[in-house]
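A.B. asks: As input, take start-v7.txt (compact mmCIF, C-alpha atoms):
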```txt
# COMPACT_ATOMS: atom_id res chain seq x y z
CA MET A 1 32.63 86.77 56.44
CA GLU A 2 29.94 87.85 54.03
CA THR A 3 26.32 87.20 54.98
CA PRO A 4 24.87 84.33 52.95
CA THR A 5 22.47 85.82 50.41
CA THR A 6 19.71 83.22 50.38
CA ARG A 7 17.63 81.83 53.20
CA GLY A 8 18.80 78.35 52.19
CA GLU A 9 22.44 79.38 52.60
CA ARG A 10 21.74 80.90 56.02
CA VAL A 11 19.87 77.77 57.09
CA ARG A 12 22.81 75.61 55.96
CA GLU A 13 25.16 77.81 58.00
CA ALA A 14 22.90 77.62 61.05
CA ILE A 15 22.72 73.82 60.78
CA ALA A 16 26.52 73.64 60.45
CA ALA A 17 26.85 75.90 63.52
CA THR A 18 25.02 73.34 65.66
CA GLY A 19 27.97 70.99 65.31
CA LYS A 20 25.47 68.20 64.68
CA LYS A 21 24.85 66.06 61.64
CA PRO A 22 21.63 66.89 59.75
CA ALA A 23 20.03 63.68 61.03
CA GLU A 24 20.82 64.74 64.62
CA VAL A 25 19.32 68.18 63.98
CA ALA A 26 16.20 66.48 62.64
CA ARG A 27 15.93 64.29 65.76
CA SER A 28 16.48 67.27 68.06
CA LEU A 29 13.67 69.17 66.33
CA HIS A 30 11.38 66.12 66.06
CA LEU A 31 11.44 66.32 62.26
CA THR A 32 12.18 63.85 59.52
CA ARG A 33 15.63 63.69 58.00
CA GLY A 34 13.90 64.56 54.73
CA ALA A 35 12.63 67.88 56.09
CA VAL A 36 16.12 68.96 57.13
CA GLY A 37 17.45 67.62 53.83
CA GLN A 38 15.03 69.94 52.02
CA TRP A 39 16.39 72.90 53.97
CA LEU A 40 19.94 71.92 53.03
CA SER A 41 18.96 71.81 49.36
CA GLY A 42 17.52 75.32 49.61
CA ASP A 43 13.84 74.40 49.92
CA THR A 44 12.88 76.30 53.08
CA LYS A 45 9.12 76.63 52.61
CA ASN A 46 8.49 74.21 55.51
CA LEU A 47 10.78 76.23 57.80
CA LYS A 48 8.03 77.86 59.81
CA GLY A 49 7.17 78.64 63.39
CA GLU A 50 8.45 76.05 65.80
CA ASN A 51 10.91 74.61 63.26
CA LEU A 52 12.57 77.99 62.79
CA LEU A 53 12.62 78.67 66.53
CA GLY A 54 14.08 75.23 67.14
CA LEU A 55 16.84 75.80 64.60
CA ALA A 56 17.57 79.19 66.16
CA ARG A 57 17.79 77.58 69.61
CA LEU A 58 20.06 74.80 68.40
CA SER A 59 22.39 77.05 66.42
CA GLY A 60 22.41 80.07 68.71
CA TYR A 61 21.53 82.21 65.69
CA GLU A 62 18.86 84.89 65.75
CA VAL A 63 15.59 84.12 63.95
CA GLN A 64 15.70 87.44 62.05
CA TRP A 65 19.15 86.62 60.73
CA ILE A 66 18.13 83.14 59.56
CA LEU A 67 15.01 84.45 57.84
CA TYR A 68 16.23 87.71 56.34
CA GLY A 69 19.98 87.99 56.85
CA ARG A 70 19.46 91.16 58.90
CA GLY A 71 20.32 92.05 62.46
CA PRO A 72 22.85 90.34 64.69
CA LYS A 73 23.66 86.74 63.90
CA PHE A 74 23.96 85.79 67.57
CA SER A 75 22.30 86.87 70.78
CA PRO A 76 24.02 90.12 71.80
CA ASN A 77 23.68 89.41 75.53
CA MET A 78 26.39 86.79 75.94
CA ASP A 79 29.42 85.52 74.11
CA ASP A 80 28.88 83.00 71.32
CA THR A 81 30.52 80.06 73.11
CA THR A 82 28.47 80.49 76.28
CA PHE A 83 25.25 80.89 74.33
CA GLN A 84 25.96 77.84 72.15
CA GLU A 85 26.79 75.70 75.20
CA LEU A 86 23.62 76.85 76.95
CA VAL A 87 21.49 76.08 73.88
CA GLU A 88 23.02 72.62 73.43
CA THR A 89 22.57 71.76 77.11
CA ILE A 90 18.96 72.91 77.34
CA THR A 91 17.98 71.29 74.04
CA ASP A 92 19.00 67.88 75.40
CA LEU A 93 16.68 68.20 78.43
CA THR A 94 13.10 66.97 78.65
CA GLU A 95 10.32 69.57 78.39
CA GLU A 96 9.76 69.36 82.15
CA GLN A 97 13.46 69.91 82.82
CA GLN A 98 13.49 72.85 80.38
CA ARG A 99 10.59 74.44 82.29
CA GLU A 100 12.48 73.93 85.57
CA VAL A 101 15.59 75.59 84.13
CA LEU A 102 13.47 78.48 82.86
CA GLU A 103 11.85 78.96 86.27
CA PHE A 104 15.26 78.87 87.94
CA ALA A 105 16.63 81.45 85.48
CA LYS A 106 13.65 83.72 86.13
CA PHE A 107 14.21 83.34 89.87
CA LYS A 108 17.92 84.21 89.52
CA ARG A 109 17.14 87.21 87.35
CA ALA A 110 14.66 88.55 89.93
CA SER A 111 17.04 88.11 92.88
```
Could you write out this file's structure as structure tokens?

C.D. replies:
Amino acid sequence: METPTTRGERVREAIAATGKKPAEVARSLHLTRGAVGQWLSGDTKNLKGENLLGLARLSGYEVQWILYGRGPKFSPNMDDTTFQELVETITDLTEEQQREVLEFAKFKRAS
């Protein structure tokens, strides 16, 4: 599959990869439906910082790929299905639960 040429096209692909409707993506990222609608129409100027990181987390896509179309599309450290499942599961947790999962992962990595 050819890499989408515009940032808007890559954002649309990343949103589609979440398996969620645009309104669900907006809720997950604590954004308005209008903001995500702008991204889908190709207007990505408000896709900055935490919004971009959030979309990367939801989709499993790499930030560099979404922004510039360069580098690996997915995290190279695990298969796409595992990474996507992990992202979806963690995204649905509260911030406190996410911190607990992170601390547990750090503990497991160190042991």

A.B. asks: Can you pull out every residue within 9 Å of region 34-36 of chain A, counting all atoms listed in the file, but drop anything in the same chain fewer than 3 positions away, and send it as a PyMOL selection string?

C.D. replies: chain A and resi 15+22-23+25-26+31+39-41+44+46-47

A.B. asks: Put those residues in a file: C-alpha atoms, as a JSON list (two decimals), keeping the file's coordinate frame.

C.D. replies:
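Writing the result to again20.json gives the following:
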```json
[["chain", "number", "residue", "atom", "x", "y", "z"],
["A", 15, "ILE", "CA", 22.72, 73.82, 60.78],
["A", 22, "PRO", "CA", 21.63, 66.89, 59.75],
["A", 23, "ALA", "CA", 20.03, 63.68, 61.03],
["A", 25, "VAL", "CA", 19.32, 68.18, 63.98],
["A", 26, "ALA", "CA", 16.20, 66.48, 62.64],
["A", 31, "LEU", "CA", 11.44, 66.32, 62.26],
["A", 39, "TRP", "CA", 16.39, 72.90, 53.97],
["A", 40, "LEU", "CA", 19.94, 71.92, 53.03],
["A", 41, "SER", "CA", 18.96, 71.81, 49.36],
["A", 44, "THR", "CA", 12.88, 76.30, 53.08],
["A", 46, "ASN", "CA", 8.49, 74.21, 55.51],
["A", 47, "LEU", "CA", 10.78, 76.23, 57.80]]
```

A.B. asks: Quick one, how far is CA of Ala56 (chain A) from CA of Gln98 (chain A)?

C.D. replies: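 Computed distance, CA of Ala56 (chain A) to CA of Gln98 (chain A), equals 16.1 Å.
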
A.B. asks: Pick the closest to Leu58 (chain A) from A:His30, A:Ala17, A:Glu95, A:Lys73: which is it, counting all atoms listed in the file?

C.D. replies: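 Result for the nearest residue to Leu58 (chain A): A:Ala17.
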
A.B. asks: Which distance in Å separates CA of Thr89 (chain A) and CA of Ser28 (chain A), to one decimal?

C.D. replies: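 Interatomic distance here is 11.8 Å.
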
A.B. asks: One decimal, Å: what's the distance from CA of Arg99 (chain A) over to CA of Thr18 (chain A), could you say?

C.D. replies: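 Calculated distance between CA of Arg99 (chain A) and CA of Thr18 (chain A) is 22.0 Å.
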
A.B. asks: Select, from A:Lys21, A:Arg7, A:Arg57, A:Arg109, the residue with the minimum atom-to-atom distance to Asp43 (chain A), counting only C-alpha atoms.

C.D. replies: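 Using only C-alpha atoms, Asp43 (chain A) sits closest to A:Arg7.
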
A.B. asks: Can you work out which one of A:Ala105, A:Glu88, A:Asn51, A:Arg12 has the shortest atom-to-atom distance to Thr32 (chain A), counting only C-alpha atoms?

C.D. replies: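 Closest residue, counting only C-alpha atoms: A:Asn51.
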
A.B. asks: Identify which of the residues A:Gly8, A:Glu13, A:Glu24, A:Tyr68 lies closest to Asp92 (chain A), counting all atoms listed in the file when measuring atom-to-atom distances.

C.D. replies: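 Comparing A:Gly8, A:Glu13, A:Glu24, A:Tyr68 against Asp92 (chain A), the winner is A:Glu24.
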
A.B. asks: Between A:Leu67, A:Lys108, A:Arg27, A:Ala14, which has the minimum distance to Lys45 (chain A) (counting only C-alpha atoms)?

C.D. replies: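 So, comparing all the options, the nearest one is A:Leu67.
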
A.B. asks: Find, counting only C-alpha atoms, the residue in A:Leu29, A:Pro4, A:Glu100, A:Gln38 that gets nearest to Leu55 (chain A).

C.D. replies: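 Using only C-alpha atoms, Leu55 (chain A) sits closest to A:Leu29.
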